[in-house]
Amino acid sequence: MTTGEMPKTTTVPEPNDPAALRQTPNQVGLRLHRPPLVTNISAARWLLLAIVAASIYFFHGFLVPVLAAMVIALASWPLRERAAHRLNLGRTGAATVLVLVLVCFLLIPIAMALIYAFRELRDWINWAILVNSSGAPAPGWMVDLPQIGDWLDESWQTYIGRPGGISEIVQLVSGSNIGAIYRGAVTAGTLAFHLALTLLFMLITLFVLYRDGDKIVAQIDQVGRRILPDRWSRLSRVVPATISSTVTGMTLIAIGEGVVLGVAYWLAGVPSPVTFGVITGFMALIPGGAPLSFTLVSAYLVASGTPLAGAALFLWGTCELFVVDKTIRPVLVGGPVKLPFLPTFFGLVGGVKTMGIVGLFVGPVLMALLVSIWREWQREIAEEAPRRPEPPARS
């Protein structure tokens with residue numbers, strides 16, 4: 001047998017030899033193994049994205065109550081800790097007690113005030129419809145104002161006092177006639193069911209957050225450390241402090257100012273004191289809104305012939321605002337996140353436009369979070385600036 005006729009020996013590559021692995025194609029049976037067009041990781045990511053998008057589409061109606069419940073839970077979490085541990089109520093007992101306290105001392109009084117204010121507002125709309133149909137003279141206190149009384153009387157007869165004048169103003173401002181606005185105000189009760197359903201979902205979510213908030217926070221911390229390992233420890237502490245400061249420093253104090261000044265309006269003899277109290281509470285969410293409200297009401301009392309009541313109301317409002325801003329607000333907030341006027345205004349208007357009345361509380365909180373993250377970013381940049389080496393000077 002010659003050398004050419006001898007059978008060739010096939011060398012089996014070593015399993016750990018990289019050169020052999022590069023030369024030998026991946027083969028399964030009689031076919032070469034080709035890489036898939038979509039890897040397992042890509043498929044998992046696209047599947048997760050599709051599930052998240054579907055969840056947002058089907059459950060976006062629950063976004064408002066969930067956000068409201070999260071804001072309330074974060075703002076009142078110290079009370080939950082005291083009720084659960086110091087009072088030995090447990091997680092379920094503390095959640096039940098806090099939800100009942102919220103319903104009895106916050107939701108029911110606010111709902112009663114809004115219902116009463118809507119009744120007073122309906123009387124105003126009825127008066128506007130009557131004046132729009134038959135006309136009416138200017139109020140006596142307006143005509144008796146010095147220097148500008150005659151001009152106000154002439155303007156009233158030109159724009160408001162004549163038949164159809166209010167309808168033209170409403171059409172110019174809102175694009176709707178006064179009849180449509182009246183029908184909308186009368187049928188506003190149909191939205192009560194939707195609002196009650198939203199509040200019910202919010203209370204259920206709040207109960208779950210009070211009971212299982214520790215577990216939810218632990219899971220969020222795990223994901224946050226995975227995504228932002230260096231910054232999560234600071235951001236996760238800034239968010240609850242910001243929400244607590246915003247809700248306590250703006251919302252609760254605004255409600256208190258609305259109640260206190262509403263009582264002052266009633267004592268001073270202001271017509272529709274509940275409505276003006278609710279308006280003052282909403283205006284107190286905006287910096288400078290509460291002083292503007294009681295100043296205008298005081299000016300109305302002075303112009304209508306009761307200067308003593310107007311001066312007393314203005315003095316009381318000034319003293320109350322000074323006490324709140326200098327003593328109560330710093331104690332309740334404890335280092336608040338002071339928002340500029342423009343983010344606060346955008347938060348209020350955008351929140352109301354997007355989420356309705358719940359947006360009054362959620363909108364400023366979201367803007368406060370954005371401002372806090374921006375300030376945290378600026379602080380990190382300022383801390384890293386001295387560490388950077390200076391470029392060498394060019395000769």
# chains A, B, ... in the order shown; residues from 1 in each chain; ligands from 1

$ closest_atom_pairs --of "range 232-305 of chain A" --to "range 106-115 of chain A" --cutoff "9 Å" --atoms "only C-alpha atoms" --output "JSON lines"
{"residue": "A:Ile255", "atom": "CA", "partner": "A:Ile110", "partner_atom": "CA", "distance": 8.8}
{"residue": "A:Val274", "atom": "CA", "partner": "A:Ala113", "partner_atom": "CA", "distance": 6.7}
{"residue": "A:Thr275", "atom": "CA", "partner": "A:Leu114", "partner_atom": "CA", "distance": 8.0}
{"residue": "A:Gly277", "atom": "CA", "partner": "A:Ala113", "partner_atom": "CA", "distance": 8.9}
{"residue": "A:Val278", "atom": "CA", "partner": "A:Ala113", "partner_atom": "CA", "distance": 7.3}

$ write_last_selection --atoms "C-alpha atoms" --output "short mmCIF file (atom, residue, chain, number, x, y, z; two decimals), in the first residue's frame"
data_model
loop_
_atom_site.label_atom_id
_atom_site.label_comp_id
_atom_site.auth_asym_id
_atom_site.auth_seq_id
_atom_site.Cartn_x
_atom_site.Cartn_y
_atom_site.Cartn_z
CA ILE A 255 -57.47 74.56 51.65
CA VAL A 274 -68.78 79.79 50.09
CA THR A 275 -68.18 80.43 46.41
CA GLY A 277 -64.00 80.89 49.73
CA VAL A 278 -63.62 78.09 47.16
#

$ atom_distance --atom1 "CA of Ala385 in chain A" --atom2 "CA of Pro340 in chain A"
26.0 Å

$ closest_residue --among "A:Pro364, A:Gly249, A:Gly93, A:Gly347" --to "Tyr210 in chain A" --atoms "only C-alpha atoms"
A:Gly93

$ closest_residue --among "A:Arg234, A:Pro78, A:Pro273, A:Trp46" --to "Arg379 in chain A" --atoms "only C-alpha atoms"
A:Arg234

$ closest_residue --among "A:Leu121, A:Ile72, A:Ala311, A:Leu130" --to "Val297 in chain A" --atoms "only C-alpha atoms"
A:Ala311

$ closest_residue --among "A:Gly288, A:Gly149, A:Pro139, A:Pro65" --to "Phe345 in chain A" --atoms "only C-alpha atoms"
A:Gly288

$ decode --residues "range 68-118 of chain A" --atoms "N, CA and C atoms" --output "mmCIF file, in the first residue's frame"
data_model
loop_
_atom_site.group_PDB
_atom_site.id
_atom_site.type_symbol
_atom_site.label_atom_id
_atom_site.label_comp_id
_atom_site.auth_asym_id
_atom_site.auth_seq_id
_atom_site.Cartn_x
_atom_site.Cartn_y
_atom_site.Cartn_z
ATOM 1 N N ALA A 68 -53.086 60.376 41.775
ATOM 2 C CA ALA A 68 -53.578 61.066 42.968
ATOM 3 C C ALA A 68 -53.316 60.240 44.228
ATOM 4 N N ALA A 69 -53.538 58.931 44.155
ATOM 5 C CA ALA A 69 -53.278 58.071 45.317
ATOM 6 C C ALA A 69 -51.792 58.042 45.662
ATOM 7 N N MET A 70 -50.921 58.016 44.657
ATOM 8 C CA MET A 70 -49.486 58.027 44.925
ATOM 9 C C MET A 70 -49.051 59.324 45.585
ATOM 10 N N VAL A 71 -49.591 60.442 45.131
ATOM 11 C CA VAL A 71 -49.241 61.735 45.726
ATOM 12 C C VAL A 71 -49.689 61.794 47.186
ATOM 13 N N ILE A 72 -50.931 61.374 47.455
ATOM 14 C CA ILE A 72 -51.437 61.407 48.829
ATOM 15 C C ILE A 72 -50.659 60.441 49.715
ATOM 16 N N ALA A 73 -50.338 59.248 49.199
ATOM 17 C CA ALA A 73 -49.610 58.268 50.006
ATOM 18 C C ALA A 73 -48.208 58.760 50.358
ATOM 19 N N LEU A 74 -47.502 59.337 49.396
ATOM 20 C CA LEU A 74 -46.157 59.843 49.682
ATOM 21 C C LEU A 74 -46.194 61.025 50.646
ATOM 22 N N ALA A 75 -47.217 61.885 50.513
ATOM 23 C CA ALA A 75 -47.296 63.042 51.400
ATOM 24 C C ALA A 75 -47.653 62.653 52.832
ATOM 25 N N SER A 76 -48.438 61.609 52.994
ATOM 26 C CA SER A 76 -48.885 61.203 54.338
ATOM 27 C C SER A 76 -48.185 59.951 54.832
ATOM 28 N N TRP A 77 -47.067 59.562 54.224
ATOM 29 C CA TRP A 77 -46.398 58.338 54.636
ATOM 30 C C TRP A 77 -45.887 58.382 56.085
ATOM 31 N N PRO A 78 -45.390 59.515 56.603
ATOM 32 C CA PRO A 78 -45.008 59.533 58.038
ATOM 33 C C PRO A 78 -46.165 59.195 58.968
ATOM 34 N N LEU A 79 -47.376 59.641 58.634
ATOM 35 C CA LEU A 79 -48.536 59.282 59.461
ATOM 36 C C LEU A 79 -48.806 57.788 59.391
ATOM 37 N N ARG A 80 -48.608 57.203 58.228
ATOM 38 C CA ARG A 80 -48.814 55.758 58.095
ATOM 39 C C ARG A 80 -47.810 54.996 58.941
ATOM 40 N N GLU A 81 -46.550 55.452 58.977
ATOM 41 C CA GLU A 81 -45.538 54.778 59.786
ATOM 42 C C GLU A 81 -45.879 54.854 61.267
ATOM 43 N N ARG A 82 -46.345 56.009 61.723
ATOM 44 C CA ARG A 82 -46.714 56.139 63.135
ATOM 45 C C ARG A 82 -47.911 55.264 63.474
ATOM 46 N N ALA A 83 -48.910 55.237 62.583
ATOM 47 C CA ALA A 83 -50.090 54.427 62.864
ATOM 48 C C ALA A 83 -49.779 52.934 62.829
ATOM 49 N N ALA A 84 -48.883 52.528 61.952
ATOM 50 C CA ALA A 84 -48.600 51.102 61.813
ATOM 51 C C ALA A 84 -47.677 50.575 62.894
ATOM 52 N N HIS A 85 -46.699 51.370 63.333
ATOM 53 C CA HIS A 85 -45.681 50.876 64.257
ATOM 54 C C HIS A 85 -45.873 51.401 65.684
ATOM 55 N N ARG A 86 -46.044 52.705 65.829
ATOM 56 C CA ARG A 86 -46.167 53.244 67.181
ATOM 57 C C ARG A 86 -47.513 52.911 67.818
ATOM 58 N N LEU A 87 -48.580 52.953 67.018
ATOM 59 C CA LEU A 87 -49.903 52.617 67.556
ATOM 60 C C LEU A 87 -50.235 51.139 67.444
ATOM 61 N N ASN A 88 -49.328 50.357 66.851
ATOM 62 C CA ASN A 88 -49.501 48.899 66.726
ATOM 63 C C ASN A 88 -50.802 48.520 66.011
ATOM 64 N N LEU A 89 -51.139 49.275 64.975
ATOM 65 C CA LEU A 89 -52.333 48.949 64.196
ATOM 66 C C LEU A 89 -52.055 47.959 63.076
ATOM 67 N N GLY A 90 -50.798 47.777 62.737
ATOM 68 C CA GLY A 90 -50.483 46.909 61.619
ATOM 69 C C GLY A 90 -50.696 47.599 60.289
ATOM 70 N N ARG A 91 -50.290 46.937 59.238
ATOM 71 C CA ARG A 91 -50.401 47.562 57.919
ATOM 72 C C ARG A 91 -51.850 47.722 57.480
ATOM 73 N N THR A 92 -52.647 46.686 57.641
ATOM 74 C CA THR A 92 -54.047 46.759 57.217
ATOM 75 C C THR A 92 -54.839 47.737 58.075
ATOM 76 N N GLY A 93 -54.626 47.694 59.391
ATOM 77 C CA GLY A 93 -55.339 48.616 60.275
ATOM 78 C C GLY A 93 -54.967 50.063 60.019
ATOM 79 N N ALA A 94 -53.673 50.329 59.811
ATOM 80 C CA ALA A 94 -53.251 51.701 59.525
ATOM 81 C C ALA A 94 -53.825 52.186 58.199
ATOM 82 N N ALA A 95 -53.853 51.319 57.195
ATOM 83 C CA ALA A 95 -54.423 51.711 55.905
ATOM 84 C C ALA A 95 -55.912 52.025 56.030
ATOM 85 N N THR A 96 -56.630 51.222 56.785
ATOM 86 C CA THR A 96 -58.068 51.452 56.952
ATOM 87 C C THR A 96 -58.336 52.763 57.678
ATOM 88 N N VAL A 97 -57.599 53.006 58.763
ATOM 89 C CA VAL A 97 -57.807 54.229 59.549
ATOM 90 C C VAL A 97 -57.482 55.473 58.724
ATOM 91 N N LEU A 98 -56.377 55.462 57.982
ATOM 92 C CA LEU A 98 -55.986 56.642 57.219
ATOM 93 C C LEU A 98 -56.955 56.926 56.077
ATOM 94 N N VAL A 99 -57.463 55.887 55.438
ATOM 95 C CA VAL A 99 -58.444 56.111 54.367
ATOM 96 C C VAL A 99 -59.732 56.690 54.939
ATOM 97 N N LEU A 100 -60.178 56.188 56.085
ATOM 98 C CA LEU A 100 -61.383 56.742 56.714
ATOM 99 C C LEU A 100 -61.184 58.186 57.150
ATOM 100 N N VAL A 101 -60.003 58.504 57.688
ATOM 101 C CA VAL A 101 -59.723 59.883 58.077
ATOM 102 C C VAL A 101 -59.727 60.800 56.854
ATOM 103 N N LEU A 102 -59.156 60.329 55.740
ATOM 104 C CA LEU A 102 -59.142 61.135 54.519
ATOM 105 C C LEU A 102 -60.560 61.393 54.017
ATOM 106 N N VAL A 103 -61.406 60.375 54.072
ATOM 107 C CA VAL A 103 -62.778 60.536 53.592
ATOM 108 C C VAL A 103 -63.564 61.484 54.490
ATOM 109 N N CYS A 104 -63.441 61.323 55.799
ATOM 110 C CA CYS A 104 -64.273 62.091 56.737
ATOM 111 C C CYS A 104 -63.827 63.537 56.877
ATOM 112 N N PHE A 105 -62.536 63.788 56.840
ATOM 113 C CA PHE A 105 -62.038 65.129 57.159
ATOM 114 C C PHE A 105 -61.532 65.898 55.948
ATOM 115 N N LEU A 106 -61.501 65.276 54.766
ATOM 116 C CA LEU A 106 -61.017 66.010 53.596
ATOM 117 C C LEU A 106 -61.993 65.917 52.430
ATOM 118 N N LEU A 107 -62.342 64.705 52.012
ATOM 119 C CA LEU A 107 -63.171 64.562 50.820
ATOM 120 C C LEU A 107 -64.600 65.042 51.049
ATOM 121 N N ILE A 108 -65.198 64.655 52.174
ATOM 122 C CA ILE A 108 -66.595 65.060 52.421
ATOM 123 C C ILE A 108 -66.721 66.573 52.587
ATOM 124 N N PRO A 109 -65.871 67.256 53.378
ATOM 125 C CA PRO A 109 -65.995 68.723 53.450
ATOM 126 C C PRO A 109 -65.767 69.421 52.111
ATOM 127 N N ILE A 110 -64.778 68.957 51.333
ATOM 128 C CA ILE A 110 -64.539 69.591 50.034
ATOM 129 C C ILE A 110 -65.720 69.368 49.103
ATOM 130 N N ALA A 111 -66.293 68.157 49.111
ATOM 131 C CA ALA A 111 -67.453 67.885 48.262
ATOM 132 C C ALA A 111 -68.647 68.755 48.657
ATOM 133 N N MET A 112 -68.885 68.916 49.956
ATOM 134 C CA MET A 112 -69.991 69.767 50.402
ATOM 135 C C MET A 112 -69.774 71.218 50.001
ATOM 136 N N ALA A 113 -68.534 71.698 50.123
ATOM 137 C CA ALA A 113 -68.247 73.081 49.735
ATOM 138 C C ALA A 113 -68.449 73.284 48.237
ATOM 139 N N LEU A 114 -68.018 72.324 47.425
ATOM 140 C CA LEU A 114 -68.193 72.452 45.980
ATOM 141 C C LEU A 114 -69.664 72.402 45.580
ATOM 142 N N ILE A 115 -70.440 71.520 46.229
ATOM 143 C CA ILE A 115 -71.873 71.441 45.915
ATOM 144 C C ILE A 115 -72.566 72.754 46.263
ATOM 145 N N TYR A 116 -72.236 73.315 47.428
ATOM 146 C CA TYR A 116 -72.854 74.581 47.827
ATOM 147 C C TYR A 116 -72.416 75.708 46.903
ATOM 148 N N ALA A 117 -71.140 75.691 46.500
ATOM 149 C CA ALA A 117 -70.658 76.730 45.580
ATOM 150 C C ALA A 117 -71.339 76.622 44.221
ATOM 151 N N PHE A 118 -71.598 75.397 43.744
ATOM 152 C CA PHE A 118 -72.301 75.230 42.475
ATOM 153 C C PHE A 118 -73.732 75.743 42.565
#
